[in-house]
Amino acid sequence: MKGYNFAYLDEQTKRMLRRTLLKAVAIPGHQIPFGAREMPLPYGWGTGGIQVTAAVLGRADTLKVIDQGADDTTNAVSIRRFFARTAGVATTTRTASATIIQTRHRIPETTLTEAQIIVYQVPQPEPLYQLEPSRTETRRMHALADYGAMHVRLYEQVARYGQIAISYDYPVMVNGRHLMAPSPIPAFDNPKMHRMRALQLFGAGREKRIYAVPPYTAVVSLDFEDHPFRASRAAHVCALCGDRASYLDEVVTDDRGGRMFICSDTDHCASRRESAP
Amino acid sequence: MPADLLAHPGFADPVHDAQASFRAVLQALARPGTLWRVAPPADPPPPLAPAAAAVLLTLVDADAPVHLAGRFAALAPWVAFHTGSANAEPGAAAFVLSDALADFATLAAGTDEVPEASTTLILQVPALDGGPKLTLRGPGIETTRNFAPRGLPADFAARWAANRRLYPRGIDLVLCAGSTVAGLPRSIFIAESS
Ligand SMILES: [Zn+2]
């Protein structure tokens, strides 16, 4: 697109983001403030993820963008078009063909590789936010690895509900040191973060924070010995491809209360149907 | 700028060479001890290796002051011209460029609350292989990885251990030789191999 910088951002902003990303990689799970720029999309549309992608993306990349597992939502299509226009990069819906995957709220079912980078859009980067609204205080808690309050909160849930009742954005401990918000992915996806082969980058636009998890880094969901973490999914089979292991969305099929369960990851589901005998 | 420095241009393609060089450094720090090629300027001023020149042009600017140590000090006009960065004292520099491993205690290691306010040491060495074998483990490494750069001091492992004990504070290293970079982020453990 004429009149725009490559990938929209000016070079000075990219340098600032790149320096921040390198420090984020060096301190896995630690949130780093950055000077967020105004983007031509509103907050909630993944401006943090977009800025991270813009700082990383090159001409040779192939970009995939998903929103809740789907490539075809308005949000995913807008971001894909934005980079196709401003950076001229190839785009794909195929997880295996992508070099960079920007995502909102899911990790693809297809195992990611060393040749890939996944960029998460993050609305709230602070895992202690609900316990402690003060940024000054949470910074101190991270500095001291003072995470007792989070364990207490989770144990109160066990006492009250008989289990930890968190289905999304389930807190994780990274590299045995930093408590981290995995972004609002389903807890089902948490185990995919553990020792993932791909580099994981996280961008929070409104909160102006970047963090990262290098490949093969320990990412452990908080739990208790007598109440171990379980990656749960709806106990159904995908109505389209028959998968019994993928994460499912429940969709309404008519106005008489008809429902079915289908894969949340649209590329995964389509690939299975194509390769079915 | 002195005429002899003027003869050495920056990136041929500032946008795309910086992007490619950044990706090399990003991968280098994300996968410690692996070697990545940058997109260097064609003719960096001596004694600057192409990789070290590319790292400076990619990351340094007026908001990220650099300290040019030892014989690199003479390159200050070239660095200022191409990056806008001012020369800073080691303890106040976002980046230190050196060809000798600095005493980590003279560099910024960040604070407990802001560990990212720390120096990245750009260390130019003769080669990234063929030296004494080090064994790395930690984030970015599946099990362990061997890495054998030349030009590190004999007591490097002990000095690194002292840096690692500061975690999450600490110094991050980007090693440069020829057109290749490797990274040693503060998060990893390094042992001498027998
Ligand atoms: Zn399916």
# chains A, B, ... in the order shown; residues from 1 in each chain; ligands from 1
call {"tool": "interface_residues", "arguments": {"of": "chain B", "to": "chain A", "cutoff": "7 Å", "atoms": "only C-alpha atoms", "output": "list of chain:residue names"}}
result
B:Gln19, B:Ala20, B:Arg23, B:Leu26, B:Leu29, B:Ala30, B:Thr58, B:Leu59, B:Asp112, B:Glu113, B:Glu116, B:Pro139, B:Gly140, B:Ile141, B:Glu142, B:Pro168, B:Pro185, B:Arg186, B:Ser187
call {"tool": "write_last_selection", "arguments": {"atoms": "all heavy atoms", "output": "compact mmCIF listing (two decimals), in the first residue's frame"}}
result
# COMPACT_ATOMS: atom_id res chain seq x y z
N GLN B 19 14.80 -5.73 9.68
CA GLN B 19 13.83 -6.78 10.04
C GLN B 19 14.51 -8.16 10.05
O GLN B 19 14.35 -8.93 11.01
CB GLN B 19 12.66 -6.76 9.05
CG GLN B 19 11.52 -7.70 9.41
CD GLN B 19 11.74 -9.12 8.95
OE1 GLN B 19 12.46 -9.36 7.97
NE2 GLN B 19 11.18 -10.07 9.68
N ALA B 20 15.27 -8.44 9.00
CA ALA B 20 15.93 -9.76 8.92
C ALA B 20 16.96 -9.91 10.04
O ALA B 20 17.09 -10.98 10.64
CB ALA B 20 16.59 -9.92 7.55
N ARG B 23 15.17 -10.55 13.35
CA ARG B 23 14.71 -11.94 13.47
C ARG B 23 15.85 -12.88 13.83
O ARG B 23 15.68 -13.84 14.59
CB ARG B 23 14.03 -12.39 12.18
CG ARG B 23 12.61 -11.90 12.07
CD ARG B 23 11.64 -12.66 12.96
NE ARG B 23 11.20 -13.89 12.33
CZ ARG B 23 10.24 -13.95 11.44
NH1 ARG B 23 9.58 -12.87 11.08
NH2 ARG B 23 9.89 -15.11 10.91
N LEU B 26 16.46 -12.27 17.50
CA LEU B 26 15.33 -12.83 18.26
C LEU B 26 15.47 -14.35 18.38
O LEU B 26 15.35 -14.93 19.46
CB LEU B 26 14.01 -12.46 17.56
CG LEU B 26 12.73 -12.98 18.21
CD1 LEU B 26 12.46 -12.29 19.55
CD2 LEU B 26 11.53 -12.79 17.27
N LEU B 29 18.41 -15.37 20.71
CA LEU B 29 18.13 -15.30 22.15
C LEU B 29 17.05 -16.29 22.57
O LEU B 29 17.03 -16.76 23.71
CB LEU B 29 17.73 -13.87 22.55
CG LEU B 29 18.92 -12.90 22.63
CD1 LEU B 29 18.43 -11.46 22.69
CD2 LEU B 29 19.82 -13.21 23.82
N ALA B 30 16.14 -16.63 21.64
CA ALA B 30 15.07 -17.59 21.95
C ALA B 30 15.60 -19.02 21.92
O ALA B 30 15.00 -19.91 22.53
CB ALA B 30 13.91 -17.43 20.97
N THR B 58 20.25 -2.21 13.86
CA THR B 58 18.89 -2.73 14.07
C THR B 58 18.27 -2.24 15.38
O THR B 58 17.08 -1.96 15.43
CB THR B 58 18.93 -4.27 14.07
OG1 THR B 58 19.42 -4.72 12.81
CG2 THR B 58 17.55 -4.87 14.32
N LEU B 59 19.08 -2.12 16.43
CA LEU B 59 18.50 -1.96 17.77
C LEU B 59 18.82 -0.64 18.46
O LEU B 59 18.10 -0.22 19.38
CB LEU B 59 18.98 -3.11 18.67
CG LEU B 59 18.50 -4.50 18.24
CD1 LEU B 59 19.17 -5.56 19.09
CD2 LEU B 59 16.98 -4.61 18.34
N ASP B 112 14.95 -5.64 40.78
CA ASP B 112 14.01 -6.75 41.00
C ASP B 112 12.67 -6.46 40.33
O ASP B 112 12.03 -7.35 39.77
CB ASP B 112 13.80 -6.98 42.50
CG ASP B 112 15.01 -7.64 43.14
OD1 ASP B 112 15.77 -8.32 42.42
OD2 ASP B 112 15.21 -7.46 44.35
N GLU B 113 12.22 -5.21 40.40
CA GLU B 113 10.92 -4.87 39.83
C GLU B 113 11.00 -4.56 38.34
O GLU B 113 10.02 -4.74 37.61
CB GLU B 113 10.32 -3.67 40.58
CG GLU B 113 10.03 -4.00 42.03
CD GLU B 113 9.06 -3.04 42.68
OE1 GLU B 113 8.69 -2.04 42.05
OE2 GLU B 113 8.67 -3.30 43.83
N GLU B 116 14.20 -5.72 33.22
CA GLU B 116 14.50 -5.45 31.81
C GLU B 116 15.35 -4.20 31.63
O GLU B 116 15.88 -3.97 30.54
CB GLU B 116 13.20 -5.34 31.00
CG GLU B 116 12.33 -4.12 31.32
CD GLU B 116 11.35 -4.35 32.46
OE1 GLU B 116 11.60 -5.24 33.28
OE2 GLU B 116 10.33 -3.63 32.52
N PRO B 139 15.63 -22.20 29.27
CA PRO B 139 14.61 -21.84 28.28
C PRO B 139 15.19 -21.72 26.87
O PRO B 139 16.27 -21.16 26.69
CB PRO B 139 14.12 -20.48 28.78
CG PRO B 139 14.36 -20.51 30.26
CD PRO B 139 15.63 -21.31 30.43
N GLY B 140 14.48 -22.28 25.89
CA GLY B 140 14.92 -22.23 24.50
C GLY B 140 15.73 -23.44 24.09
O GLY B 140 16.09 -23.58 22.92
N ILE B 141 16.02 -24.33 25.04
CA ILE B 141 16.88 -25.48 24.78
C ILE B 141 16.12 -26.74 25.18
O ILE B 141 15.67 -26.85 26.33
CB ILE B 141 18.19 -25.37 25.57
CG1 ILE B 141 18.93 -24.08 25.18
CG2 ILE B 141 19.07 -26.60 25.35
CD1 ILE B 141 20.04 -23.69 26.12
N GLU B 142 15.99 -27.70 24.23
CA GLU B 142 15.15 -28.87 24.49
C GLU B 142 15.71 -29.71 25.64
O GLU B 142 14.96 -30.09 26.55
CB GLU B 142 15.02 -29.72 23.22
CG GLU B 142 14.04 -30.85 23.38
CD GLU B 142 13.71 -31.53 22.06
OE1 GLU B 142 14.40 -31.26 21.06
OE2 GLU B 142 12.76 -32.33 22.06
N PRO B 168 15.72 -12.75 38.29
CA PRO B 168 15.53 -12.30 36.90
C PRO B 168 16.32 -11.05 36.50
O PRO B 168 16.18 -10.60 35.37
CB PRO B 168 14.02 -12.02 36.84
CG PRO B 168 13.64 -11.70 38.24
CD PRO B 168 14.55 -12.49 39.12
N PRO B 185 20.94 -15.49 26.72
CA PRO B 185 20.09 -14.71 27.63
C PRO B 185 20.38 -15.08 29.08
O PRO B 185 20.85 -16.18 29.36
CB PRO B 185 18.68 -15.12 27.22
CG PRO B 185 18.83 -16.50 26.68
CD PRO B 185 20.19 -16.53 26.02
N ARG B 186 20.08 -14.18 29.99
CA ARG B 186 20.37 -14.35 31.41
C ARG B 186 19.72 -15.59 32.02
O ARG B 186 20.11 -16.04 33.09
CB ARG B 186 19.88 -13.11 32.16
CG ARG B 186 18.35 -13.03 32.19
CD ARG B 186 17.85 -11.73 32.74
NE ARG B 186 18.00 -10.66 31.76
CZ ARG B 186 17.66 -9.39 31.99
NH1 ARG B 186 17.17 -9.05 33.16
NH2 ARG B 186 17.80 -8.49 31.05
N SER B 187 18.68 -16.12 31.33
CA SER B 187 17.87 -17.20 31.89
C SER B 187 18.56 -18.56 31.87
O SER B 187 18.09 -19.50 32.51
CB SER B 187 16.56 -17.30 31.12
OG SER B 187 16.84 -17.48 29.74
call {"tool": "closest_atom_pairs", "arguments": {"of": "chain A", "to": "ligand 1", "cutoff": "10 Å", "atoms": "only C-alpha atoms and all ligand atoms", "output": "CSV"}}
result
residue,atom,partner,partner_atom_place_in_ligand_line,distance
A:Val237,CA,ligand 1,1 (Zn),8.0
A:Cys238,CA,ligand 1,1 (Zn),4.6
A:Ala239,CA,ligand 1,1 (Zn),6.6
A:Leu240,CA,ligand 1,1 (Zn),5.0
A:Cys241,CA,ligand 1,1 (Zn),4.0
A:Gly242,CA,ligand 1,1 (Zn),5.9
A:Asp243,CA,ligand 1,1 (Zn),5.5
A:Arg244,CA,ligand 1,1 (Zn),8.6
A:Ala245,CA,ligand 1,1 (Zn),9.5
A:Ser246,CA,ligand 1,1 (Zn),7.3
A:Tyr247,CA,ligand 1,1 (Zn),8.8
A:Leu248,CA,ligand 1,1 (Zn),7.9
A:Asp249,CA,ligand 1,1 (Zn),9.7
A:Phe261,CA,ligand 1,1 (Zn),8.5
A:Ile262,CA,ligand 1,1 (Zn),5.3
A:Cys263,CA,ligand 1,1 (Zn),4.1
A:Ser264,CA,ligand 1,1 (Zn),7.6
A:Asp265,CA,ligand 1,1 (Zn),7.6
A:Thr266,CA,ligand 1,1 (Zn),7.3
A:Asp267,CA,ligand 1,1 (Zn),8.9
A:His268,CA,ligand 1,1 (Zn),6.8
A:Cys269,CA,ligand 1,1 (Zn),3.8
A:Ala270,CA,ligand 1,1 (Zn),7.1
A:Ser271,CA,ligand 1,1 (Zn),8.8
A:Arg272,CA,ligand 1,1 (Zn),7.1
A:Arg273,CA,ligand 1,1 (Zn),7.6
call {"tool": "select_by_dssp", "arguments": {"residues": "segment 33-175 of chain B", "states": "alpha helix (DSSP H)", "output": "PyMOL selection string"}}
result
chain B and resi 50-59+76-83+156-164
call {"tool": "select_by_dssp", "arguments": {"residues": "segment 46-163 of chain B", "states": "strand (DSSP E or B)", "output": "PyMOL selection string"}}
result
chain B and resi 61+64+66-68+87+95-98+109+118+120-124+134-137+145-147
call {"tool": "residues_around", "arguments": {"residues": "Thr34 of chain B", "least_positions_apart": "6", "cutoff": "10 Å", "atoms": "only C-alpha atoms", "output": "list in words"}}
result
Gln27, Ala28, Leu128, Gly140, Ile141, Arg145, Asn146, Phe147, Thr180, Val181, Ala182, Gly183 and Leu184 of chain B
call {"tool": "write_last_selection", "arguments": {"atoms": "C-alpha atoms", "output": "compact mmCIF listing (two decimals), in the first residue's frame"}}
result
# COMPACT_ATOMS: atom_id res chain seq x y z
CA GLN B 27 15.92 -16.46 17.27
CA ALA B 28 19.43 -16.35 18.72
CA LEU B 128 31.18 -18.80 17.17
CA GLY B 140 14.92 -22.23 24.50
CA ILE B 141 16.88 -25.48 24.78
CA ARG B 145 23.08 -27.68 23.77
CA ASN B 146 26.81 -27.48 23.11
CA PHE B 147 28.21 -24.09 22.17
CA THR B 180 26.51 -14.58 12.38
CA VAL B 181 25.02 -14.03 15.83
CA ALA B 182 24.35 -16.26 18.83
CA GLY B 183 22.56 -15.38 22.05
CA LEU B 184 23.10 -16.10 25.72
call {"tool": "atom_distance", "arguments": {"atom1": "atom CA of Ser275 of chain A", "atom2": "atom CA of Ile79 of chain A"}}
result
28.7 Å
call {"tool": "closest_residue", "arguments": {"among": "B:Pro44, B:Gly138, B:Pro153, B:Pro90", "to": "Asp4 of chain B", "atoms": "only C-alpha atoms"}}
result
B:Pro44
call {"tool": "residues_around", "arguments": {"residues": "segment 89-96 of chain A", "least_positions_apart": "6", "cutoff": "9 Å", "atoms": "only C-alpha atoms", "output": "PyMOL selection string"}}
result
chain A and resi 57-66+70-72+80-81+83+108-113+116+266-268+271
call {"tool": "write_last_selection", "arguments": {"atoms": "N, CA, C and O atoms", "output": "compact mmCIF listing (two decimals), in the first residue's frame"}}
result
# COMPACT_ATOMS: atom_id res chain seq x y z
N LEU A 57 7.36 -9.27 11.65
CA LEU A 57 7.03 -9.72 10.29
C LEU A 57 8.03 -9.26 9.24
O LEU A 57 8.48 -8.12 9.24
N GLY A 58 8.34 -10.17 8.29
CA GLY A 58 9.18 -9.82 7.15
C GLY A 58 8.55 -10.27 5.85
O GLY A 58 7.56 -11.01 5.85
N ARG A 59 9.16 -9.84 4.74
CA ARG A 59 8.57 -10.14 3.42
C ARG A 59 8.42 -11.63 3.16
O ARG A 59 7.53 -12.04 2.42
N ALA A 60 9.31 -12.43 3.75
CA ALA A 60 9.30 -13.86 3.45
C ALA A 60 8.28 -14.63 4.30
O ALA A 60 8.11 -15.83 4.11
N ASP A 61 7.63 -13.95 5.24
CA ASP A 61 6.72 -14.65 6.14
C ASP A 61 5.39 -15.01 5.47
O ASP A 61 4.97 -14.36 4.51
N THR A 62 4.76 -16.02 6.03
CA THR A 62 3.39 -16.37 5.67
C THR A 62 2.56 -16.27 6.95
O THR A 62 2.87 -16.93 7.95
N LEU A 63 1.55 -15.42 6.91
CA LEU A 63 0.80 -15.07 8.13
C LEU A 63 -0.55 -15.77 8.18
O LEU A 63 -1.29 -15.80 7.18
N LYS A 64 -0.86 -16.32 9.35
CA LYS A 64 -2.20 -16.86 9.62
C LYS A 64 -2.76 -16.08 10.80
O LYS A 64 -2.02 -15.76 11.75
N VAL A 65 -4.03 -15.73 10.75
CA VAL A 65 -4.67 -15.01 11.86
C VAL A 65 -5.94 -15.76 12.24
O VAL A 65 -6.77 -16.05 11.37
N ILE A 66 -6.06 -16.08 13.53
CA ILE A 66 -7.28 -16.76 13.98
C ILE A 66 -7.92 -16.01 15.14
O ILE A 66 -7.26 -15.35 15.93
N ALA A 70 -11.05 -19.60 14.52
CA ALA A 70 -11.57 -19.47 13.15
C ALA A 70 -10.78 -18.43 12.36
O ALA A 70 -10.44 -17.37 12.88
N ASP A 71 -10.52 -18.76 11.08
CA ASP A 71 -9.81 -17.83 10.19
C ASP A 71 -10.75 -16.83 9.54
O ASP A 71 -10.29 -15.86 8.91
N ASP A 72 -12.05 -17.07 9.63
CA ASP A 72 -12.98 -16.31 8.78
C ASP A 72 -13.86 -15.32 9.54
O ASP A 72 -14.83 -14.81 9.00
N ARG A 80 -5.66 -9.94 8.86
CA ARG A 80 -4.95 -10.57 7.75
C ARG A 80 -4.84 -9.61 6.57
O ARG A 80 -3.78 -9.45 5.97
N ARG A 81 -5.94 -8.92 6.25
CA ARG A 81 -5.93 -7.94 5.15
C ARG A 81 -5.00 -6.78 5.44
O ARG A 81 -4.32 -6.28 4.57
N PHE A 83 -2.23 -6.73 7.12
CA PHE A 83 -0.83 -7.06 6.85
C PHE A 83 -0.59 -7.43 5.39
O PHE A 83 0.51 -7.20 4.87
N PRO A 108 -3.76 -23.37 17.93
CA PRO A 108 -4.19 -24.37 16.95
C PRO A 108 -4.03 -25.80 17.46
O PRO A 108 -3.17 -26.08 18.30
N GLU A 109 -4.87 -26.69 16.94
CA GLU A 109 -4.77 -28.11 17.32
C GLU A 109 -3.50 -28.74 16.73
O GLU A 109 -2.88 -29.60 17.35
N THR A 110 -3.13 -28.31 15.53
CA THR A 110 -1.92 -28.81 14.89
C THR A 110 -0.70 -28.40 15.71
O THR A 110 -0.55 -27.22 16.05
N THR A 111 0.16 -29.35 16.04
CA THR A 111 1.35 -29.05 16.84
C THR A 111 2.24 -28.07 16.11
O THR A 111 2.58 -28.27 14.94
N LEU A 112 2.62 -26.99 16.78
CA LEU A 112 3.46 -25.98 16.14
C LEU A 112 4.92 -26.44 16.11
O LEU A 112 5.33 -27.29 16.89
N THR A 113 5.70 -25.84 15.20
CA THR A 113 7.07 -26.29 14.96
C THR A 113 8.09 -25.21 15.35
O THR A 113 7.73 -24.07 15.62
N GLN A 116 8.08 -21.76 13.56
CA GLN A 116 6.91 -20.88 13.70
C GLN A 116 6.99 -19.98 14.93
O GLN A 116 7.66 -20.30 15.91
N THR A 266 -11.08 -24.16 12.87
CA THR A 266 -11.72 -24.42 11.57
C THR A 266 -10.76 -25.06 10.58
O THR A 266 -11.17 -25.89 9.76
N ASP A 267 -9.48 -24.69 10.63
CA ASP A 267 -8.51 -25.30 9.71
C ASP A 267 -8.31 -26.77 10.04
O ASP A 267 -8.27 -27.63 9.15
N HIS A 268 -8.23 -27.08 11.33
CA HIS A 268 -8.08 -28.47 11.78
C HIS A 268 -9.25 -29.31 11.29
O HIS A 268 -9.08 -30.40 10.74
N SER A 271 -9.22 -29.72 7.42
CA SER A 271 -8.16 -30.63 6.99
C SER A 271 -8.55 -32.08 7.24
O SER A 271 -8.29 -32.95 6.41
call {"tool": "atom_distance", "arguments": {"atom1": "atom CA of Val38 of chain B", "atom2": "atom CA of Ala24 of chain B"}}
result
5.7 Å
call {"tool": "residues_around", "arguments": {"residues": "segment 63-73 of chain B", "least_positions_apart": "4", "cutoff": "8 Å", "atoms": "only C-alpha atoms", "output": "PyMOL selection string"}}
result
chain B and resi 47-48+59+85-90+92-99
call {"tool": "closest_residue", "arguments": {"among": "A:Val172, A:Met150, A:Leu201, A:Ile164", "to": "Tyr129 of chain A", "atoms": "only C-alpha atoms"}}
result
A:Met150
call {"tool": "residues_around", "arguments": {"residues": "Ala154 of chain B", "least_positions_apart": "6", "cutoff": "12 Å", "atoms": "only C-alpha atoms", "output": "mmCIF file with all heavy atoms, in the first residue's frame"}}
result
data_model
loop_
_atom_site.group_PDB
_atom_site.id
_atom_site.type_symbol
_atom_site.label_atom_id
_atom_site.label_comp_id
_atom_site.auth_asym_id
_atom_site.auth_seq_id
_atom_site.Cartn_x
_atom_site.Cartn_y
_atom_site.Cartn_z
ATOM 1 N N LEU B 101 35.072 -9.504 27.142
ATOM 2 C CA LEU B 101 33.949 -9.638 28.065
ATOM 3 C C LEU B 101 34.114 -8.655 29.214
ATOM 4 O O LEU B 101 35.072 -8.730 29.973
ATOM 5 C CB LEU B 101 33.859 -11.068 28.600
ATOM 6 C CG LEU B 101 32.576 -11.360 29.378
ATOM 7 C CD1 LEU B 101 31.394 -11.509 28.435
ATOM 8 C CD2 LEU B 101 32.724 -12.615 30.228
ATOM 9 N N GLY B 131 35.897 -23.116 19.710
ATOM 10 C CA GLY B 131 36.474 -22.755 21.010
ATOM 11 C C GLY B 131 36.202 -23.823 22.050
ATOM 12 O O GLY B 131 35.694 -24.899 21.726
ATOM 13 N N PRO B 132 36.516 -23.527 23.307
ATOM 14 C CA PRO B 132 36.239 -24.475 24.392
ATOM 15 C C PRO B 132 34.733 -24.748 24.481
ATOM 16 O O PRO B 132 33.923 -23.835 24.357
ATOM 17 C CB PRO B 132 36.727 -23.745 25.648
ATOM 18 C CG PRO B 132 37.605 -22.644 25.158
ATOM 19 C CD PRO B 132 37.152 -22.290 23.789
ATOM 20 N N LYS B 133 34.404 -26.015 24.689
ATOM 21 C CA LYS B 133 32.985 -26.406 24.633
ATOM 22 C C LYS B 133 32.262 -26.041 25.923
ATOM 23 O O LYS B 133 32.703 -26.385 27.015
ATOM 24 C CB LYS B 133 32.875 -27.907 24.370
ATOM 25 C CG LYS B 133 31.489 -28.316 23.882
ATOM 26 C CD LYS B 133 31.502 -29.701 23.278
ATOM 27 C CE LYS B 133 31.400 -30.757 24.361
ATOM 28 N NZ LYS B 133 31.331 -32.134 23.799
ATOM 29 N N LEU B 134 31.126 -25.350 25.754
ATOM 30 C CA LEU B 134 30.233 -25.036 26.870
ATOM 31 C C LEU B 134 28.954 -25.849 26.695
ATOM 32 O O LEU B 134 28.543 -26.125 25.559
ATOM 33 C CB LEU B 134 29.889 -23.554 26.880
ATOM 34 C CG LEU B 134 31.068 -22.566 26.974
ATOM 35 C CD1 LEU B 134 30.578 -21.138 26.731
ATOM 36 C CD2 LEU B 134 31.754 -22.681 28.329
ATOM 37 N N TRP B 160 29.555 -16.303 34.382
ATOM 38 C CA TRP B 160 28.152 -16.438 33.986
ATOM 39 C C TRP B 160 27.292 -16.924 35.157
ATOM 40 O O TRP B 160 26.157 -16.465 35.350
ATOM 41 C CB TRP B 160 27.989 -17.389 32.795
ATOM 42 C CG TRP B 160 26.562 -17.402 32.335
ATOM 43 C CD1 TRP B 160 25.597 -18.286 32.713
ATOM 44 C CD2 TRP B 160 25.938 -16.430 31.501
ATOM 45 N NE1 TRP B 160 24.393 -17.934 32.145
ATOM 46 C CE2 TRP B 160 24.576 -16.794 31.393
ATOM 47 C CE3 TRP B 160 26.385 -15.293 30.824
ATOM 48 C CZ2 TRP B 160 23.661 -16.060 30.634
ATOM 49 C CZ3 TRP B 160 25.489 -14.560 30.067
ATOM 50 C CH2 TRP B 160 24.140 -14.951 29.981
ATOM 51 N N GLU B 192 31.015 -25.741 31.883
ATOM 52 C CA GLU B 192 32.153 -26.111 31.034
ATOM 53 C C GLU B 192 32.052 -27.596 30.752
ATOM 54 O O GLU B 192 31.746 -28.383 31.637
ATOM 55 C CB GLU B 192 33.466 -25.815 31.753
ATOM 56 C CG GLU B 192 33.784 -24.337 31.824
ATOM 57 C CD GLU B 192 34.920 -24.039 32.817
ATOM 58 O OE1 GLU B 192 35.548 -24.991 33.316
ATOM 59 O OE2 GLU B 192 35.136 -22.849 33.079
#
call {"tool": "closest_residue", "arguments": {"among": "A:Gly35, A:Gly44, A:Gly49, A:Pro184", "to": "Ile107 of chain A", "atoms": "only C-alpha atoms"}}
result
A:Pro184
call {"tool": "decode", "arguments": {"residues": "segment 34-39 of chain B", "atoms": "all heavy atoms", "output": "PDB file, in the first residue's frame"}}
result
ATOM      1  N   THR B  34      22.431 -21.310  19.316  1.00  0.00           N
ATOM      2  CA  THR B  34      22.284 -21.611  17.889  1.00  0.00           C
ATOM      3  C   THR B  34      22.749 -20.394  17.088  1.00  0.00           C
ATOM      4  O   THR B  34      22.721 -19.267  17.569  1.00  0.00           O
ATOM      5  CB  THR B  34      20.831 -21.950  17.506  1.00  0.00           C
ATOM      6  OG1 THR B  34      19.980 -20.853  17.874  1.00  0.00           O
ATOM      7  CG2 THR B  34      20.361 -23.207  18.217  1.00  0.00           C
ATOM      8  N   LEU B  35      23.192 -20.627  15.855  1.00  0.00           N
ATOM      9  CA  LEU B  35      23.823 -19.579  15.044  1.00  0.00           C
ATOM     10  C   LEU B  35      22.857 -19.078  13.970  1.00  0.00           C
ATOM     11  O   LEU B  35      22.207 -19.872  13.289  1.00  0.00           O
ATOM     12  CB  LEU B  35      25.103 -20.121  14.387  1.00  0.00           C
ATOM     13  CG  LEU B  35      26.074 -20.854  15.323  1.00  0.00           C
ATOM     14  CD1 LEU B  35      27.385 -21.171  14.585  1.00  0.00           C
ATOM     15  CD2 LEU B  35      26.360 -20.060  16.590  1.00  0.00           C
ATOM     16  N   TRP B  36      22.768 -17.749  13.829  1.00  0.00           N
ATOM     17  CA  TRP B  36      21.817 -17.137  12.903  1.00  0.00           C
ATOM     18  C   TRP B  36      22.516 -16.059  12.089  1.00  0.00           C
ATOM     19  O   TRP B  36      23.268 -15.246  12.638  1.00  0.00           O
ATOM     20  CB  TRP B  36      20.647 -16.519  13.682  1.00  0.00           C
ATOM     21  CG  TRP B  36      19.893 -17.580  14.413  1.00  0.00           C
ATOM     22  CD1 TRP B  36      20.217 -18.115  15.635  1.00  0.00           C
ATOM     23  CD2 TRP B  36      18.745 -18.295  13.954  1.00  0.00           C
ATOM     24  NE1 TRP B  36      19.322 -19.104  15.962  1.00  0.00           N
ATOM     25  CE2 TRP B  36      18.414 -19.244  14.954  1.00  0.00           C
ATOM     26  CE3 TRP B  36      17.960 -18.225  12.800  1.00  0.00           C
ATOM     27  CZ2 TRP B  36      17.330 -20.111  14.822  1.00  0.00           C
ATOM     28  CZ3 TRP B  36      16.880 -19.085  12.675  1.00  0.00           C
ATOM     29  CH2 TRP B  36      16.575 -20.014  13.672  1.00  0.00           C
ATOM     30  N   ARG B  37      22.242 -16.033  10.791  1.00  0.00           N
ATOM     31  CA  ARG B  37      22.856 -15.033   9.908  1.00  0.00           C
ATOM     32  C   ARG B  37      22.014 -13.767   9.880  1.00  0.00           C
ATOM     33  O   ARG B  37      20.797 -13.825   9.703  1.00  0.00           O
ATOM     34  CB  ARG B  37      22.974 -15.578   8.481  1.00  0.00           C
ATOM     35  CG  ARG B  37      24.101 -16.582   8.312  1.00  0.00           C
ATOM     36  CD  ARG B  37      24.258 -16.975   6.843  1.00  0.00           C
ATOM     37  NE  ARG B  37      24.845 -15.900   6.056  1.00  0.00           N
ATOM     38  CZ  ARG B  37      26.155 -15.656   5.996  1.00  0.00           C
ATOM     39  NH1 ARG B  37      26.995 -16.393   6.674  1.00  0.00           N
ATOM     40  NH2 ARG B  37      26.606 -14.653   5.255  1.00  0.00           N
ATOM     41  N   VAL B  38      22.672 -12.623  10.034  1.00  0.00           N
ATOM     42  CA  VAL B  38      21.997 -11.339   9.913  1.00  0.00           C
ATOM     43  C   VAL B  38      22.069 -10.879   8.450  1.00  0.00           C
ATOM     44  O   VAL B  38      22.631 -11.576   7.603  1.00  0.00           O
ATOM     45  CB  VAL B  38      22.647 -10.278  10.831  1.00  0.00           C
ATOM     46  CG1 VAL B  38      22.531 -10.686  12.292  1.00  0.00           C
ATOM     47  CG2 VAL B  38      24.102 -10.047  10.443  1.00  0.00           C
ATOM     48  N   ALA B  39      21.463  -9.713   8.168  1.00  0.00           N
ATOM     49  CA  ALA B  39      21.564  -9.100   6.833  1.00  0.00           C
ATOM     50  C   ALA B  39      22.452  -7.866   6.985  1.00  0.00           C
ATOM     51  O   ALA B  39      21.961  -6.766   7.195  1.00  0.00           O
ATOM     52  CB  ALA B  39      20.181  -8.713   6.326  1.00  0.00           C
TER      53      ALA B  39
END
